[in-house]
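Colleague: Following this line is structure_4.cif, made up of mmCIF, C-alpha atoms:
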```cif
data_input
#
loop_
_atom_site.label_atom_id
_atom_site.label_comp_id
_atom_site.auth_asym_id
_atom_site.auth_seq_id
_atom_site.Cartn_x
_atom_site.Cartn_y
_atom_site.Cartn_z
CA MET A 161 43.66 31.60 -106.03
CA LEU A 162 42.34 33.81 -103.25
CA GLN A 163 44.46 36.08 -101.23
CA ASP A 164 44.54 35.80 -97.48
CA PRO A 165 44.43 39.31 -95.97
CA GLN A 166 46.97 38.23 -93.35
CA LEU A 167 49.64 38.46 -96.04
CA GLY A 168 49.05 42.16 -96.26
CA ALA A 169 49.48 42.21 -100.00
CA PRO A 170 47.60 44.99 -101.74
CA THR A 171 44.12 43.94 -102.92
CA LEU A 172 45.44 40.55 -103.97
CA PRO A 173 44.90 37.42 -103.01
CA LEU A 174 43.24 28.91 -103.23
CA PRO A 175 41.00 27.03 -104.66
CA PRO A 176 37.51 24.56 -104.33
CA GLN A 177 39.25 27.34 -104.03
CA ASP A 178 41.36 30.10 -104.45
CA GLY A 179 38.25 28.23 -105.51
CA VAL A 180 38.23 27.20 -109.04
CA ARG A 181 35.10 25.40 -109.90
CA PRO A 182 35.18 23.13 -112.93
CA ASN A 183 32.44 23.89 -115.40
CA GLU A 184 31.49 23.27 -118.96
CA ARG A 185 33.32 26.39 -120.04
CA GLY A 186 36.46 25.61 -118.07
CA ILE A 187 39.17 23.06 -118.74
CA ALA A 188 38.80 21.22 -115.46
CA GLN A 189 36.18 18.54 -115.40
CA ILE A 190 36.72 17.17 -111.90
CA VAL A 191 34.16 17.88 -109.24
CA VAL A 192 33.73 16.85 -105.68
CA THR A 193 30.26 15.66 -105.11
CA SER A 194 29.59 16.39 -101.59
CA LEU A 195 26.13 17.20 -102.06
CA LEU A 196 27.47 16.77 -105.18
CA VAL A 197 30.36 18.89 -104.60
CA VAL A 198 33.48 19.48 -102.70
CA LEU A 199 35.10 21.47 -105.42
CA ALA A 200 37.96 19.52 -106.98
CA PHE A 201 38.99 22.47 -107.88
CA GLY A 202 38.94 25.96 -107.21
CA ALA A 203 41.29 28.19 -108.41
CA GLY A 204 41.21 31.53 -106.84
CA TRP A 205 40.43 33.51 -103.79
CA PHE A 206 42.05 35.48 -101.06
CA GLY A 207 40.28 37.18 -98.26
CA ASN A 208 36.97 38.92 -97.77
CA ALA A 209 37.10 42.21 -99.62
CA PHE A 210 34.21 44.63 -99.81
CA VAL A 211 33.72 47.25 -102.42
CA ASN A 212 31.87 50.54 -102.28
CA GLN A 213 30.89 51.26 -105.85
CA ALA A 214 30.32 54.77 -107.06
CA ASN A 215 26.68 55.57 -107.64
CA TYR A 216 27.19 57.48 -110.87
CA ILE A 217 28.24 56.90 -114.45
CA PRO A 218 31.16 59.01 -115.69
CA ALA A 219 30.01 61.36 -118.41
CA ASN A 220 32.83 60.31 -120.73
CA ASP A 221 32.22 56.55 -120.47
CA VAL A 222 29.86 55.77 -123.33
CA ASN A 223 30.02 52.03 -122.67
CA GLN A 224 28.58 52.34 -119.17
CA HIS A 225 25.91 54.62 -120.59
CA ILE A 226 24.79 52.15 -123.25
CA ILE A 227 24.59 49.33 -120.70
CA ASN A 228 22.35 51.49 -118.54
CA GLN A 229 20.29 52.58 -121.56
CA ALA A 230 19.67 49.00 -122.68
CA TYR A 231 18.65 47.95 -119.17
CA THR A 232 16.28 50.90 -118.88
CA GLU A 233 14.71 50.42 -122.31
CA ILE A 234 14.05 46.71 -121.71
CA ASN A 235 12.67 47.36 -118.25
CA LYS A 236 10.34 50.16 -119.37
CA ASN A 237 9.25 49.16 -122.83
CA TYR A 238 9.46 45.41 -123.56
CA VAL A 239 5.92 44.43 -124.49
CA PHE A 240 5.64 41.39 -122.20
CA ALA A 241 6.35 42.98 -118.85
CA SER A 242 6.05 39.68 -117.00
CA ALA A 243 9.10 38.36 -118.88
CA VAL A 244 11.35 41.12 -117.55
CA ASP A 245 13.49 39.83 -114.66
CA LYS A 246 15.77 42.61 -113.45
CA GLN A 247 18.05 40.38 -111.41
CA LYS A 248 18.39 37.89 -114.25
CA MET A 249 19.31 40.72 -116.64
CA ALA A 250 21.88 42.13 -114.22
CA TYR A 251 23.45 38.76 -113.47
CA ALA A 252 23.60 37.86 -117.18
CA ALA A 253 25.27 41.18 -117.96
CA ILE A 254 27.90 40.70 -115.25
CA ASN A 255 28.61 37.13 -116.37
CA ALA A 256 28.99 38.33 -119.95
CA MET A 257 31.45 41.03 -118.89
CA VAL A 258 33.54 38.55 -116.91
CA ASP A 259 33.56 36.15 -119.88
CA THR A 260 35.23 38.80 -122.06
CA LEU A 261 38.29 38.69 -119.74
CA ASN A 262 39.15 35.18 -120.97
CA ASP A 263 40.18 34.24 -117.41
CA SER A 264 38.35 30.94 -117.76
CA GLY A 265 37.69 29.09 -114.52
CA HIS A 266 39.14 31.86 -112.36
CA SER A 267 37.61 35.35 -112.47
CA ARG A 268 33.87 34.80 -112.11
CA PHE A 269 30.55 36.03 -110.75
CA GLU A 270 28.71 34.18 -107.98
CA THR A 271 25.30 34.54 -106.40
CA PRO A 272 25.18 35.06 -102.62
CA GLU A 273 24.43 31.35 -102.09
CA GLU A 274 27.21 30.19 -104.43
CA TYR A 275 29.78 32.39 -102.73
CA LYS A 276 28.66 31.29 -99.26
CA ASN A 277 29.01 27.62 -100.23
CA GLU A 278 32.41 28.11 -101.83
CA ALA A 279 33.76 30.13 -98.91
CA GLY A 280 32.49 27.47 -96.52
CA GLN A 281 34.32 24.75 -98.40
CA LEU A 282 37.55 26.75 -98.35
CA ASN A 283 37.18 27.17 -94.62
CA ASN A 284 36.55 23.44 -94.08
CA ASP A 285 32.89 23.66 -93.12
CA LYS A 286 30.98 20.39 -93.04
CA ILE A 287 28.89 19.64 -96.09
CA ILE A 288 25.77 17.64 -96.85
CA GLY A 289 26.25 15.09 -99.59
CA ILE A 290 27.14 11.57 -100.66
CA GLY A 291 30.94 11.98 -100.67
CA VAL A 292 32.25 11.21 -104.14
CA TYR A 293 34.73 12.94 -106.43
CA LEU A 294 33.81 12.88 -110.11
CA GLY A 295 35.54 13.14 -113.45
CA GLY A 296 34.38 12.95 -117.05
CA GLY A 297 30.98 14.08 -118.22
CA GLY A 298 30.10 15.43 -121.64
CA ASP A 299 31.43 12.99 -124.22
CA LYS A 300 33.13 10.88 -121.53
CA PRO A 301 31.51 8.55 -118.97
CA LEU A 302 30.85 10.20 -115.61
CA THR A 303 33.34 8.36 -113.40
CA ILE A 304 33.87 8.27 -109.64
CA THR A 305 37.56 9.13 -109.17
CA ALA A 306 37.64 8.84 -105.37
CA ILE A 307 35.42 8.26 -102.34
CA MET A 308 35.47 10.25 -99.11
CA PRO A 309 36.13 8.10 -96.04
CA ASP A 310 33.07 7.24 -93.92
CA SER A 311 30.74 8.87 -96.45
CA PRO A 312 27.41 7.45 -97.68
CA ALA A 313 29.17 6.41 -100.90
CA ALA A 314 31.88 4.55 -98.98
CA LYS A 315 29.33 2.77 -96.78
CA ALA A 316 27.35 1.76 -99.87
CA GLY A 317 30.41 0.06 -101.35
CA LEU A 318 30.96 2.41 -104.28
CA LYS A 319 34.52 2.40 -105.65
CA ALA A 320 36.83 4.61 -107.64
CA GLY A 321 36.35 3.71 -111.29
CA ASP A 322 32.60 3.14 -110.99
CA GLN A 323 30.62 4.96 -113.67
CA ILE A 324 27.34 6.77 -112.99
CA THR A 325 24.99 6.40 -115.94
CA ALA A 326 21.80 7.85 -114.46
CA VAL A 327 20.56 9.85 -111.48
CA ASN A 328 17.04 9.14 -110.23
CA GLY A 329 16.34 7.50 -113.59
CA THR A 330 17.61 10.45 -115.68
CA ALA A 331 20.25 9.28 -118.16
CA LEU A 332 23.48 11.31 -118.03
CA LYS A 333 24.90 10.60 -121.49
CA GLY A 334 26.11 13.85 -123.05
CA LEU A 335 25.54 15.96 -119.92
CA THR A 336 28.35 18.05 -118.44
CA ILE A 337 29.27 18.00 -114.78
CA GLU A 338 27.62 21.40 -114.36
CA GLN A 339 24.38 19.92 -115.68
CA ILE A 340 24.73 16.80 -113.55
CA ARG A 341 25.54 18.61 -110.29
CA PRO A 342 21.97 19.72 -109.45
CA LEU A 343 20.66 16.23 -110.21
CA ILE A 344 22.95 14.68 -107.60
CA LYS A 345 22.66 17.57 -105.18
CA GLY A 346 18.86 17.56 -105.18
CA ASP A 347 17.50 19.55 -102.28
CA GLY A 348 20.85 19.20 -100.48
CA LYS A 349 19.15 18.31 -97.20
CA GLU A 350 20.53 15.84 -94.70
CA GLY A 351 18.49 12.63 -94.76
CA SER A 352 17.25 13.10 -98.31
CA SER A 353 18.06 10.37 -100.84
CA VAL A 354 19.33 10.01 -104.38
CA THR A 355 19.43 6.88 -106.56
CA LEU A 356 22.46 6.40 -108.81
CA THR A 357 22.67 3.86 -111.61
CA ILE A 358 26.17 2.40 -111.32
CA LEU A 359 28.21 0.52 -113.90
CA ARG A 360 31.43 -1.16 -112.74
CA PRO A 361 33.71 -1.67 -115.79
CA SER A 362 35.85 -4.24 -113.94
CA GLU A 363 32.92 -6.68 -113.75
CA THR A 364 32.41 -9.29 -116.46
CA PRO A 365 30.07 -8.40 -117.94
CA PRO A 366 29.49 -4.89 -116.52
CA THR A 367 25.90 -4.84 -115.27
CA PRO A 368 24.06 -1.62 -114.33
CA ARG A 369 22.56 -1.57 -110.85
CA ASP A 370 20.74 1.05 -108.82
CA VAL A 371 22.22 2.26 -105.53
CA THR A 372 20.19 4.54 -103.26
CA LEU A 373 22.23 6.83 -101.02
CA VAL A 374 21.05 8.98 -98.13
CA ARG A 375 22.77 12.36 -98.00
CA ALA A 376 24.63 12.97 -94.74
CA GLN A 377 26.91 15.49 -93.10
CA ILE A 378 30.52 15.01 -94.19
CA THR A 379 33.84 16.62 -93.32
CA PRO A 380 35.82 16.69 -96.57
CA PRO A 381 39.43 15.52 -96.17
CA THR A 382 42.27 17.90 -96.99
CA ALA A 383 45.35 15.66 -96.80
CA VAL A 384 45.29 11.86 -97.01
CA GLY A 385 48.29 9.53 -96.96
CA TYR A 386 49.48 5.95 -96.73
CA THR A 387 52.75 4.06 -97.03
CA ILE A 388 53.48 1.78 -99.99
CA SER A 389 54.32 -1.02 -97.60
CA ASP A 390 56.84 -3.06 -99.59
CA LEU A 391 58.77 0.06 -100.70
CA ASN A 392 58.46 2.21 -97.55
CA ILE A 393 57.54 5.27 -99.62
CA ALA A 394 54.86 7.71 -98.42
CA HIS A 395 52.13 8.70 -100.87
CA ILE A 396 50.44 11.88 -99.62
CA GLN A 397 47.55 13.50 -101.46
CA LEU A 398 46.69 17.17 -100.86
CA LEU A 399 43.16 17.70 -102.16
CA ASP A 400 43.00 21.48 -101.90
CA PHE A 401 44.63 24.53 -100.35
CA SER A 402 41.82 25.34 -97.93
CA ALA A 403 42.40 27.01 -94.58
CA ASN A 404 43.76 23.88 -92.86
CA ALA A 405 45.87 22.56 -95.75
CA ASP A 406 49.28 23.07 -94.18
CA ASP A 407 48.18 21.79 -90.76
CA GLU A 408 46.76 18.60 -92.28
CA LEU A 409 49.82 18.16 -94.48
CA LYS A 410 52.09 18.45 -91.45
CA LYS A 411 50.19 15.61 -89.76
CA ALA A 412 50.65 13.42 -92.83
CA ILE A 413 54.37 14.26 -93.08
CA ARG A 414 54.98 13.56 -89.37
CA ASP A 415 53.14 10.25 -89.66
CA ALA A 416 55.35 9.31 -92.62
CA GLN A 417 58.51 10.36 -90.80
CA GLN A 418 57.59 8.25 -87.78
CA LYS A 419 57.61 5.27 -90.16
CA HIS A 420 61.05 6.29 -91.42
CA VAL A 421 59.95 6.37 -95.04
CA LYS A 422 62.58 6.68 -97.76
CA GLY A 423 60.76 9.55 -99.47
CA ILE A 424 57.45 11.26 -100.18
CA ILE A 425 55.31 11.32 -103.31
CA LEU A 426 53.15 14.46 -103.06
CA ASP A 427 50.00 14.01 -105.15
CA LEU A 428 48.52 17.30 -106.40
CA ARG A 429 46.47 15.78 -109.20
CA GLY A 430 42.97 17.26 -109.30
CA ASN A 431 43.92 19.92 -106.73
CA GLY A 432 42.25 23.15 -107.81
CA GLY A 433 44.04 25.44 -105.41
CA GLY A 434 42.93 27.58 -102.50
CA TYR A 435 44.35 30.26 -100.25
CA LEU A 436 47.56 32.01 -101.18
CA ASP A 437 49.06 31.79 -97.71
CA GLN A 438 48.58 28.02 -97.83
CA ALA A 439 50.58 27.86 -101.07
CA VAL A 440 53.42 29.64 -99.25
CA ASN A 441 53.15 27.37 -96.20
CA VAL A 442 52.92 24.10 -98.13
CA THR A 443 55.84 24.99 -100.40
CA SER A 444 57.86 25.90 -97.32
CA GLU A 445 57.41 22.39 -95.88
CA PHE A 446 59.62 21.06 -98.70
CA VAL A 447 62.05 23.91 -99.46
CA PRO A 448 64.74 25.20 -97.08
CA ALA A 449 64.50 28.95 -96.48
CA GLY A 450 67.36 31.15 -97.56
CA THR A 451 68.65 33.58 -100.14
CA GLY A 452 66.88 33.14 -103.46
CA LYS A 453 64.35 30.68 -102.06
CA ASN A 454 61.03 32.21 -103.12
CA VAL A 455 57.52 30.84 -103.61
CA MET A 456 56.19 33.29 -106.18
CA ILE A 457 56.12 36.83 -107.49
CA LEU A 458 52.86 38.78 -107.17
CA LYS A 459 52.18 41.64 -109.57
CA THR A 460 49.37 44.15 -109.82
CA ARG A 461 49.05 46.98 -112.33
CA ALA A 462 51.25 49.08 -110.06
CA THR A 463 53.23 46.81 -107.73
CA SER A 464 55.45 43.73 -107.59
CA GLU A 465 56.09 41.65 -104.49
CA THR A 466 58.16 38.52 -103.91
CA LEU A 467 56.85 36.00 -101.38
CA LYS A 468 59.70 34.11 -99.77
CA VAL A 469 59.95 30.57 -98.44
CA LYS A 470 59.34 30.36 -94.69
CA SER A 471 61.76 28.63 -92.34
CA GLY A 472 60.96 25.50 -90.34
CA GLY A 473 59.79 23.16 -93.09
CA LEU A 474 59.36 19.53 -92.04
CA ALA A 475 60.61 17.79 -95.19
CA THR A 476 63.17 20.11 -96.78
CA THR A 477 65.71 17.30 -97.31
CA THR A 478 63.31 14.37 -97.74
CA PRO A 479 63.46 12.87 -101.26
CA LEU A 480 60.39 14.19 -103.07
CA VAL A 481 58.42 13.56 -106.27
CA ILE A 482 55.32 15.63 -107.11
CA LEU A 483 52.39 14.43 -109.25
CA VAL A 484 50.36 16.93 -111.32
CA ASP A 485 47.71 16.76 -114.03
CA ASN A 486 45.61 19.13 -116.11
CA ASN A 487 43.27 19.67 -113.15
CA THR A 488 46.14 20.86 -110.95
CA ALA A 489 45.46 24.58 -110.68
CA SER A 490 46.34 27.85 -109.01
CA ALA A 491 47.94 27.36 -105.58
CA ALA A 492 48.76 23.75 -106.52
CA GLU A 493 50.54 24.92 -109.69
CA ILE A 494 52.49 27.46 -107.68
CA THR A 495 53.58 24.81 -105.18
CA ALA A 496 54.68 22.28 -107.81
CA GLY A 497 56.52 24.85 -109.91
CA ALA A 498 58.18 26.63 -106.98
CA ILE A 499 59.47 23.42 -105.39
CA ALA A 500 60.87 22.23 -108.72
CA ILE A 501 62.73 25.53 -109.15
CA ASP A 502 63.90 25.90 -105.55
CA ARG A 503 64.82 22.21 -105.10
CA PRO A 504 66.45 20.81 -108.25
CA ASP A 505 66.57 17.36 -106.64
CA ALA A 506 62.76 17.23 -106.49
CA GLN A 507 61.03 15.85 -109.60
CA THR A 508 57.59 16.57 -111.05
CA VAL A 509 55.60 13.95 -112.98
CA GLY A 510 52.38 14.06 -114.98
CA VAL A 511 50.93 16.35 -117.65
CA THR A 512 50.68 20.11 -118.15
CA THR A 513 48.65 21.81 -115.43
CA TYR A 514 45.51 23.95 -115.78
CA GLY A 515 47.24 27.27 -116.40
CA THR A 516 45.77 29.76 -113.96
CA GLY A 517 47.79 32.88 -113.38
CA THR A 518 45.58 35.48 -111.76
CA VAL A 519 45.25 36.31 -108.08
CA LEU A 520 41.65 36.80 -107.08
CA GLU A 521 39.95 39.33 -104.87
CA PRO A 522 36.26 39.00 -103.95
CA LYS A 523 34.27 42.18 -104.56
CA THR A 524 30.93 42.11 -102.76
CA LEU A 525 28.13 43.75 -104.76
CA ALA A 526 25.05 45.55 -103.49
CA ASP A 527 22.77 42.50 -103.23
CA GLY A 528 25.37 40.24 -101.61
CA SER A 529 26.48 38.63 -104.86
CA THR A 530 30.22 38.57 -105.47
CA LEU A 531 32.51 39.47 -108.34
CA ILE A 532 35.64 37.35 -107.86
CA LEU A 533 38.13 39.29 -109.92
CA GLY A 534 41.72 38.70 -110.92
CA THR A 535 43.33 41.87 -109.61
CA GLY A 536 46.87 40.50 -109.67
CA GLU A 537 49.08 38.04 -111.50
CA TRP A 538 51.31 35.42 -109.90
CA ARG A 539 54.51 34.14 -111.46
CA LEU A 540 56.88 31.34 -110.54
CA PRO A 541 60.04 32.27 -108.59
CA ASN A 542 62.04 32.60 -111.84
CA ASP A 543 59.44 35.12 -113.12
CA THR A 544 57.86 32.59 -115.51
CA SER A 545 54.18 33.11 -116.26
CA ILE A 546 52.02 30.02 -116.78
CA TYR A 547 48.82 31.98 -117.48
CA HIS A 548 46.82 30.08 -120.13
CA VAL A 549 49.89 27.87 -120.67
CA GLY A 550 50.22 25.75 -117.56
CA TYR A 551 53.24 24.27 -115.85
CA GLN A 552 54.85 21.36 -117.69
CA PRO A 553 56.36 18.76 -115.35
CA GLN A 554 59.92 17.57 -115.87
CA ASN A 555 58.66 14.03 -116.56
CA VAL A 556 55.69 14.11 -118.93
CA VAL A 557 53.59 10.98 -118.38
CA ALA A 558 49.93 10.63 -119.33
CA LEU A 559 47.46 8.22 -117.79
CA PRO A 560 46.24 5.55 -120.20
CA LYS A 561 42.74 6.09 -121.52
CA ASP A 562 40.02 5.05 -119.04
CA VAL A 563 42.54 4.59 -116.18
CA VAL A 564 41.60 6.30 -112.91
CA ALA A 565 44.45 7.77 -110.87
CA PHE A 566 45.43 5.61 -107.88
CA THR A 567 45.38 8.05 -104.97
CA PRO A 568 45.40 7.71 -101.18
CA LEU A 569 41.62 8.16 -101.25
CA SER A 570 41.31 5.07 -103.43
CA ALA A 571 44.04 3.05 -101.67
CA ASN A 572 43.70 0.48 -98.92
CA GLY A 573 45.84 2.29 -96.39
CA ASP A 574 49.13 0.71 -95.36
CA LEU A 575 48.03 -2.62 -96.80
CA THR A 576 48.76 -1.13 -100.21
CA THR A 577 51.75 -2.53 -102.11
CA SER A 578 53.49 -1.69 -105.36
CA SER A 579 51.65 -4.68 -106.89
CA ASP A 580 48.32 -2.94 -106.19
CA ILE A 581 49.56 0.16 -108.01
CA LYS A 582 50.81 -1.87 -110.97
CA ALA A 583 47.42 -3.56 -111.19
CA ALA A 584 45.74 -0.14 -111.25
CA ASN A 585 48.02 0.87 -114.17
CA ASP A 586 48.55 4.39 -112.81
CA THR A 587 51.52 5.16 -115.06
CA GLN A 588 52.15 8.52 -113.42
CA LEU A 589 52.42 7.05 -109.95
CA LEU A 590 54.55 4.18 -111.27
CA LYS A 591 56.96 6.71 -112.81
CA ALA A 592 57.10 8.60 -109.50
CA ILE A 593 57.94 5.36 -107.70
CA ALA A 594 60.67 4.55 -110.23
CA LEU A 595 62.21 8.00 -109.76
CA MET A 596 62.04 7.64 -106.00
CA GLN A 597 63.63 4.19 -106.10
CA ALA A 598 66.45 5.53 -108.26
CA LYS A 599 66.92 8.42 -105.85
CA THR A 600 67.01 6.32 -102.70
CA GLY A 601 69.11 3.48 -104.10
CA GLY A 602 66.38 0.88 -104.37
CA ALA A 603 65.51 -1.21 -107.39
CA ALA A 604 63.38 0.75 -109.84
CA THR A 605 59.80 -0.42 -110.16
CA PRO A 606 58.92 -1.13 -113.80
#
```
As structure tokens, how would this structure be written, given the file I've shared?
Modeller:
Amino acid sequence: MLQDPQLGAPTLPLPPQDGVRPNERGIAQIVVTSLLVVLAFGAGWFGNAFVNQANYIPANDVNQHIINQAYTEINKNYVFASAVDKQKMAYAAINAMVDTLNDSGHSRFETPEEYKNEAGQLNNDKIIGIGVYLGGGGDKPLTITAIMPDSPAAKAGLKAGDQITAVNGTALKGLTIEQIRPLIKGDGKEGSSVTLTILRPSETPPTPRDVTLVRAQITPPTAVGYTISDLNIAHIQLLDFSANADDELKKAIRDAQQKHVKGIILDLRGNGGGYLDQAVNVTSEFVPAGTGKNVMILKTRATSETLKVKSGGLATTTPLVILVDNNTASAAEITAGAIAIDRPDAQTVGVTTYGTGTVLEPKTLADGSTLILGTGEWRLPNDTSIYHVGYQPQNVVALPKDVVAFTPLSANGDLTTSSDIKAANDTQLLKAIALMQAKTGGAATP
């Protein structure tokens, strides 16, 4: 999670991304393929911090000396001089140092281009891509989990649940999302094309077919919602905690309230986090301000600060159920956990979340690359740490194997009914509906 400097918190801080990017080393395996990618997750930023590093090595720090010695010896004396790449050595050394922190998926090192792209996504810049969100990879089929509205993928008729078995003829079996990303991204230029081999498991029999997509400029959605028409319950999905998260969420809440919905299901599954101030703002939409109503506790090596709920929330008394999964990270974990603590009537459903716990601060290095470092720790309002543990929802419900979550991005707008959700077999959403029906006096949906 990244810290927004407007909060004024010391060197602390989302999440994309906060900005947690799923990778083969991390737990999260969801990715937004804009180009390929609109980071499903991110888990940690906060502001643009610059660092002036001392240009000397302390005499008593033998470890810094041996790093410098090794670099110098390789650079001066390795027999094949053409194999010596100074930048590659430096970047590898920094990555190795960050890896020793065991802050998987959060603290990280990024090249200038990687940081620029991630910052752009957190600030809602347009992207060039095909507009799909992906899950799986490795030993699991690469599956489209959602489609961006009006994207090349949507116009080509791709659907959530479709599996991608090859990209431009290259088979994907066994490849991780990190390995697949550059294949789908290609040159990343608008107007360029990519051919995906698609398998639709719902077909009998499933038959692979090639679909060629032309990459285009896309504005990734932040909040998407619809009303389950026969139940009059709003299902709102918040995809990240980027700069406009609270503004977009407010629009979705107001739209739901104009329809006089009985309650809101807030879907944070696959949400990798984002800006810290957005976690405060989003939480405050659902929790009334007052004594003891806090969003989180921020701690550094030397300080501790409590961030309080803001007044003026739009849905502080609206019946609420929150959906989470193991790709819910950082700012999204804070929001789910804080609301559950501050509003005992609100229920959480799903499986244990990612387990981020650090607050990130970007440190810009001499060549424009960035060390995104966990300089603080965040805790839930009751001082509980979920670092490397995750937040466990009150109602633990797993999705059946091979079932893709039914989200607003995969729904058919207000034409969606509870029967559609039952057919999709999204057990987490069905449990949320049952809890909401029990809360609002309606008949529980089985």
Colleague: Report, in Å to a single decimal, how far apart CA of Ala403 in chain A and CA of Ala498 in chain A are.
Modeller: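 Computing the Euclidean distance for CA of Ala498 in chain A and CA of Ala403 in chain A yields 20.1 Å.
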Colleague: Quick one: everything within 6 Å of Thr305 in chain A, counting all atoms listed in the file, minus sequence neighbours fewer than 6 positions away in the same chain. Send it as a short mmCIF file (atom, residue, chain, number, x, y, z; two decimals) with C-alpha atoms, keeping the file's coordinate frame.
Modeller:
```
data_model
loop_
_atom_site.label_atom_id
_atom_site.label_comp_id
_atom_site.auth_asym_id
_atom_site.auth_seq_id
_atom_site.Cartn_x
_atom_site.Cartn_y
_atom_site.Cartn_z
CA TYR A 293 34.73 12.94 -106.43
CA LEU A 294 33.81 12.88 -110.11
CA ALA A 320 36.83 4.61 -107.64
CA GLY A 321 36.35 3.71 -111.29
#
```
Colleague: Taking the file as I've supplied it (selection: the PyMOL selection byres ((chain A and resi 461-468) around 9)), which residues are included? Please answer as a list in words.
Modeller: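 Checked against the file, the PyMOL selection byres ((chain A and resi 461-468) around 9) matches Ala169, Pro170, Val440, Ser444, Ala449, Gly450, Thr451, Gly452, Lys453, Asn454, Val455, Met456, Ile457, Leu458, Lys459, Thr460, Val469, Lys470, Thr535, Gly536, Glu537 and Pro541 of chain A.
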Colleague: Starting from the shown file, work through the PyMOL selection byres ((chain A and resi 569) around 7) and note down what comes out as a list in words.
Modeller: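 Selection result, ordered by chain and number: Ala306, Ile307, Met308, Val384, Thr567, Pro568, Ser570 and Ala571 of chain A.
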Colleague: When the PyMOL selection byres ((chain A and resi 223-235) around 12) is applied to the file above, which residues end up in the set, as a PyMOL selection string?
Modeller: chain A and resi 216-222+236-254+256-257
Colleague: Place a sphere of radius 6 Å on (58.6, 13.6, -111.3) in the file coordinates and name every protein, DNA or RNA residue with an atom inside or on its surface, counting only C-alpha atoms; give the answer as a ChimeraX atom specification.
Modeller: /A:481-482,507-509,555,592
Colleague: Could you save the residues just selected, with C-alpha atoms, as a compact mmCIF listing (two decimals), in the coordinates of the input?
Modeller:
```
# COMPACT_ATOMS: atom_id res chain seq x y z
CA VAL A 481 58.42 13.56 -106.27
CA ILE A 482 55.32 15.63 -107.11
CA GLN A 507 61.03 15.85 -109.60
CA THR A 508 57.59 16.57 -111.05
CA VAL A 509 55.60 13.95 -112.98
CA ASN A 555 58.66 14.03 -116.56
CA ALA A 592 57.10 8.60 -109.50
```
Colleague: Pick out the closest residue to Lys349 in chain A from this set: A:Gln377, A:Thr387, A:Ser529, A:Gln418. Count all atoms listed in the file.
Modeller: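 Under the stated criterion, the closest residue is A:Gln377.
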Colleague: Tell me, in Å to one decimal, how far CA of Thr512 in chain A is from CA of Leu426 in chain A.
Modeller: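 If I compute the distance from CA of Thr512 in chain A to CA of Leu426 in chain A, I get 16.3 Å.
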Colleague: CA of Gly430 in chain A and CA of Pro309 in chain A, how far apart in Å?
Modeller: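 Interatomic distance, CA of Pro309 in chain A to CA of Gly430 in chain A: 17.5 Å.
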Colleague: Near Thr355 in chain A, counting only C-alpha atoms, which residues have an atom at most 12 Å away, once you skip same-chain residues fewer than 4 positions from it, shown as a list in words?
Modeller: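 What passes the distance filter is Ile290, Pro312, Ala313, Ala316, Ile324, Thr325, Ala326, Val327, Asn328, Gly329, Thr330, Ala331, Leu343, Ile344, Lys345, Gly346, Arg369, Asp370, Val371, Thr372, Leu373, Val374 and Arg375 of chain A.
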